[in-house]
Structures are given as structure tokens and as C-alpha cells.
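Heads up, the thing below is written out as C-alpha cells.
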Amino acid sequence: MPAAETLPPAELPPLTPFRRLVLEADTVSQLLALDEPGYAGPDVRVLHAMLSGIHSEFGKYSEQRLAGPLSLHERQNLRIAARQAFKNPDVDSTSYRMDRAPRVQLWLREGAKLPAAEVRALPDEVPHRRRLQEEVSVETVTLWLEAIESEFGVTDFGAGTRRLPLDIVVFDSQPAYLQFAQDRLTLKPPKWSAGFYSAGWDVICAPTLESTSFAEVLRHEMFHAVQAHLAHGSLGVPWFAEGTAEWLDKAPPKAGTPATHSGFAAAARGHLRYLLEQGLAFNLAKFLALDLAAFYSEPELNYLIAYCFVDFLRAKEDLRKVYFDFWALMKDGMAPADAFYRSFGALDLPDVQRRFLAWLREIPLQQTPVRFTHDAPVDFKDLPLPPTLGGTPAAGKSGEIGAGWFQAIGKLKEAGFASAGAPGFIKGDYDLLIVACDNSESMGRPLNEATFDFEAFRRWLFSVRFAGTIKLTRASAGGESDEEVPPVILISLVESVITDRLDDFVAATGIKVGKELQKQINTGWEQFYLTTELLKSEPRRALCQYAAESVAWYWGVRQDRAGVVFIDFNTGRAIERENNQFRGDAIKSNSSPLARLFAKTASRQSPVGSDGADTDWWLGLSGITENGGDVLGKRAAIMFFTDGACSAGEFGQVETARDDVRYQMDMARLAERFGEYWRGAALDAAGRESVLQLFCLPGAQGQGLDELLKTVPQARLDDWTTRFKK
């Protein structure tokens, strides 16, 4: 049979990544059905042009089919590839029942039904727990979208050059929702989540559940979709993003104007007042500066504060203007840190905090926690602790920890646990580990500062490593989901055992540690090869290696296929890579790829006599993002170590005319550029955010690393000078 004539690649209308996936699945299904009796779809030329137009890897099969019917072997390969890419769960358009409107489209998965509106409140369920189910249709969802836009600006959903509606995929169960997210979208929403908006796929996904108000979930995620389309950077301001989404989702708009549930608002204010009067420490300036990792590490507390603060801002005419000015600046493309400075920066924040606290006191105390969209469908404020930890029943009153992890962490801080006040380290599933380490002349010398507490440093190295081996969760009453205990708790647990302060830990957390686990911790501590004497004699660069190994083990980088990138920098830069797995027991990891990479680049130290002008931070930072093949599309755990100022290169303080003021301005400029590079490499991709941990050794404190926290929401700073001080 002669080969079919080819057509040029199809010129397709704008496609979101989600719609591209559906179109690709539809086209491949037609390609498979092409030679079946009764096929009435497009011919192979059209299918090939379509696959070419979306740059599909399945184009090779349509190209083979242009030459004639596929062989049995080729057809089998196509069927297997299609099943892996598009089946279980299916993604082609036949898998959905669609409700279309110009601006909104509901994609109902098989078996999914929109919840019926409830005509009365369930007993004792309003407003603290789930609110009433509301009518949900493309018409009502369109009205909600228009109400949000009336305040925040009109989006391109269903209009403009995009012309595509807001896509919302509805599932009949939470397992189906989680499976679709993981298998088809390569996302991992928390087991307890009630829905999400993915900026990467430009789609909302949510299951219909008895335990959630489905309408609230949709309104919440719709605001995030509006943010992504009008001011993407605002997604990195968690108090604004989540506080506003919660405020908008709590009640349907009245007469087209956004509103919140007045009963819920009063209960939320009353509960926050109750926590404050129970001793909760609150600093507004610090709260507004929380990055994503810090905000989501204590969601039950931070969502409450964010909701109440947004309600407060909107209630005060002068502050309402500032709130919308902040949004307008971000919508105009200004970086969130600069937008905050231009709007909220003009306010006296201590005075705003006093007004906020006085406003809270206008409402009666409310001891019962309120429920937010973030923690549906399981209200983990009520989750019991697991029955055992190390074989011994957990201590504490039922629900004590469930009232909020912040209570336990706060008590650990008050009790003097060093780990409770230290920067946390995220334990997650990362694709790549990147370590950038300064190799200046001073890094080759021991850390001989008289005030540095090497024993505390050694305890931290061990505690972080051992904590990475502990799995502690608390399960829901039905056992269908569980929540992992925060890293700070686990690290403090190990610290309490090796410092003989277990009773204080139990008193603060209500968690009793079994004898067997205590024995394992003590045995590991006795055998820990990094002695205080060794740490005192080792060069600073070796201390960086030990710290990087500890955090890598706790972070949970996939050790069985760990891609490791090492960036050595001073006045020059070298990048080395390894794909070999970590080996060891997570306590002694001296066979790790990091050990080999640190050793491989050790000879690249700055020449003797260059001290003071031998560190170019930009070489290390840009090395993180410039190698697109390493990081693009991946979730990376990144560590950056330095022990001095940025003294060389474009941003370096080498000219005598560059005083401290000019230097700090240059550091702000460096941070702004790195923030652009970070976003350009998609390291801030929603749902797959990378993490940047900055380690400030003695000598680097106050030299401008904190500027990076303003431009990279996923960055955190660990200052050893203040943390390991005698």
C-alpha cells in the first residue's frame, strides 16, 4: 500500500497542559481504532498532523501508520504505550461527563455527581465544622468566578487570546482523586486534601465528599486559579493566598459581591483570641514574612491567623485599601517583597498588630477549633495520636496534641530544646539533591571561634540523622488517613534522649518514648563517629559536608536513585555529578556521594593569601539554576554553604569605594536576579516546590544572605553563629 500523503502539523488553538493531555489521549485512541471495522473518525493524515502539532511522542506511531497498516508488533507496542500513558485512570474525553459554559467547564469523572443543596444545617455542624452543601452548576460556578473577579480583576478564562474556560475535574471519591493526581498528573496532594489547583496543569481537581462543603472547596481553589492568571507571584505569599482563599470560600457571594460566613468569622476570631489568651506568642511582622514551608508546617494555626487577619484588613477601611494596593502591585508584575514594601511597608506594623488584637477581643472566647478547607476531609485537630511509639502507649490527654502542634513546639522552646527553635528541614520525595559549597581559603581552616558550641553542633548532626529513621504518624478515627509528625518534634525527641531530658520532652508533647527506641538512640549516639574533638580539628568545609549529609538523610532524597549535583565555588566554579545511591545506616554515611564529591573538588581551594576577596556567591547560586537539564521540571533539595561575605565578582565587595550600604544594595540586586532565575527554572512549580536551605557559617552572618528569603519563598536561613553559641 502506498504511503499516505502527509499534512503539515495542525495549527491548534491555545491548550492548557491538562487539555493537551486529553487531546493527546483522544487522538491516540483514534489511531488505535483506525483499522477497526466501522471507524468513522479522521484519517491518518489528520491524526498525524494533530500529534505533530502538540509535539507528542506518539507521533512516531502515526508516522509508521502513514506508510500502511501497523504490523502486529507495532500495534502491540502502541497499545502498551497508550495504556501506560492514558489508562488506569483514563484521561480521554470519553472518561468524563461534561457540563460546559463559556467561562467554566465541569469535567465529571465516571460516577461523580454534584452534591445536592442542603436545606437546613446539620446539628452542631455550623459554623465550626462543615458548612451546608450548596447548589453547584456551571452557572453558579460562573457567578462565583465573576464575583471574585469583581474585586481582583477579570481573568482570561473563556476570553482573550486564551479563550479556554476554567477547567474543574470532579471525582466521586477521594481515592480516585488521589490516584488521578499521582498517576496522570504526577502530583502528590496530601491524603487529607479536599482539592487543589495546579498551576502547572492549569486545572482544579476535587472529590465530592460528605465531610466537605464542595462549593467551599471550589471557591477556594478558584481564587488560587485567579491568582495564577493575574499575579502568579502572589501564590508565594501564603498569608495573602490562603487567608484570602479561606475568606472567599466560606459563603456564596451576595448580590455578586464576595462575602464570608459571619458565624464562622466570629467563631474564628473567638478561637484565635482564646489561643492568644492561653499564651500563644504572636508577632505580626514575623507572621507576614513566613515562607511557604514555614506557613504550611503549622497549617491549623497559620490558616486561622491568615483568615482572621484578612477579615480584619477588609473590615478596616484604611487597611482594606492597603490590602488591595498590595494585590494591584503584584498584579502589575512587581515582586511580592517589593509590593509589600510599597504597600504594607508604609504602615506601623506594631500599631497594626495592636489594632488587630483589640479587634479580636471584641468577640467572645471560642474554645472549639474552627475547620478550614485546607484540612478537609479529615479534621486532624481531632485526630488521636498513634497508640504506640517504640512499644509504649502514648501519654497525654486525648486530643491534646490534636489541638495544634504549635502548642507542643512552643512548650519545647520554653523548655530550652535547641531543635525546637532551629530552622526545620522538610522530609519529602525529591528528585535531586544539589549542594553548593564555598571553597574559599578560610573554608580550609578549622572553625576556631571561641563561642562556637561544637558539642551542640554534634548533637544536632546526630539528631537530624537519627530523626530521619523514625516514622511517627497519628491516624484518623477511621484509620483511613494519617498525618506525619512535624520534623521539629522528631528531632527534639532524639535530642531529649541523648541529653537525658526525656521527661521534659514527654511533658511538652504528651508523647512517651519506648525503651527500645531509647536504646537504639543511645547506642547510635555512643557509636557516632563524629566526635567533638574531630569536629574541632576538621576544616570548615568538612563541617559543611557533615551537615549536608545529615540534612540529606532527613530530607528523604530518594537514596535508591539519588541524583546528586555538587557545585564548588570561590572565584571560579566547578560542577560535579553522581547518580550513585547513598549507602550506610543514616548515622554513618561516609560512603555517600557527597563524601566523594567533596573530596573530588577539595584541591580547588582558593590560593593562599586571597582571604577576604575569594568568594563569589553568584557563581554558586547561578550554578543551581543555569544547568537546566539538572533542575528543570524536577523537585530539588538544595543546600548552600558559605562562611564569609560575597567578596568577589559582579556583586563582590572588593573595591574600596564599595561601602557597607552599597554592598547591601548589591546583595538585594543579587537576590532579585536569583529569584528570577529560580522561577525561570520552575523551582517554584506549585505542588513540586524545590527547597533552598542557606547555611550561614560564622563569618557570613549579616552579610546579605537574608535578602534571598525575600525573593525565593522556598528559601530558609540557618545562622550557625546564633544557633551554636555557647
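Identifiers for the C-alpha cells are assigned positionally: chains receive A, B, ... in sequence, residues are indexed from 1 per chain, and ligands are indexed from 1 in the order shown.
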Helix (DSSP H, G or I) residues, from DSSP on the backbone, in range 195-276 of chain A, as a VMD selection string: chain A and resid 214 to 230 232 to 236 238 to 249 262 to 276
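Near Arg342 in chain A, within a cut-off of 9 Å and counting only C-alpha atoms, sit the residues Asp325, Phe326, Leu329, Ala337, Asp338, Ala339, Gly345 and Ala346 of chain A, with same-chain residues fewer than 3 positions away left out.
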Let's have the selection written as an mmCIF file, in the first residue's frame, with N, CA and C atoms.
```
data_model
loop_
_atom_site.group_PDB
_atom_site.id
_atom_site.type_symbol
_atom_site.label_atom_id
_atom_site.label_comp_id
_atom_site.auth_asym_id
_atom_site.auth_seq_id
_atom_site.Cartn_x
_atom_site.Cartn_y
_atom_site.Cartn_z
ATOM 1 N N ASP A 325 -4.103 47.513 47.419
ATOM 2 C CA ASP A 325 -2.912 48.099 46.794
ATOM 3 C C ASP A 325 -1.819 47.039 46.641
ATOM 4 N N PHE A 326 -1.657 46.244 47.682
ATOM 5 C CA PHE A 326 -0.669 45.156 47.653
ATOM 6 C C PHE A 326 -0.969 44.214 46.487
ATOM 7 N N LEU A 329 -0.246 45.873 43.017
ATOM 8 C CA LEU A 329 1.175 45.942 42.687
ATOM 9 C C LEU A 329 1.688 44.585 42.197
ATOM 10 N N ALA A 337 7.917 40.870 47.513
ATOM 11 C CA ALA A 337 8.636 41.584 48.569
ATOM 12 C C ALA A 337 8.602 43.089 48.328
ATOM 13 N N ASP A 338 8.790 43.497 47.070
ATOM 14 C CA ASP A 338 8.747 44.923 46.755
ATOM 15 C C ASP A 338 7.328 45.470 46.888
ATOM 16 N N ALA A 339 6.344 44.674 46.467
ATOM 17 C CA ALA A 339 4.952 45.107 46.586
ATOM 18 C C ALA A 339 4.563 45.291 48.050
ATOM 19 N N GLY A 345 4.583 48.279 53.806
ATOM 20 C CA GLY A 345 5.804 48.854 54.367
ATOM 21 C C GLY A 345 5.627 50.262 54.873
ATOM 22 N N ALA A 346 4.594 50.947 54.396
ATOM 23 C CA ALA A 346 4.344 52.316 54.853
ATOM 24 C C ALA A 346 3.605 52.357 56.183
#
```
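Counting only C-alpha atoms, Leu288 in chain A has the following residues at most 10 Å away, ignoring those fewer than 3 positions along the same chain: Val237, Pro238, Trp239, Phe240, Asn283, Leu284, Ala285, Asp291, Phe295, Ala306, Phe309 and Phe340 of chain A.
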Asp202 in chain A surroundings by only C-alpha atoms, 9 Å radius, close-in-sequence under 2 positions cut, as a list of chain:residue names: A:Thr16, A:Pro17, A:Phe18, A:Arg19, A:Leu166, A:Asp167, A:Tyr197, A:Ser198, A:Ala199, A:Gly200, A:Ile204, A:Ala225, A:Ala228
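A straight line drawn from CA of Phe196 in chain A to CA of Glu221 in chain A is 6.1 Å long.
With CA of Leu47 in chain A on one side and CA of Val28 in chain A on the other, the separation reads 8.1 Å.
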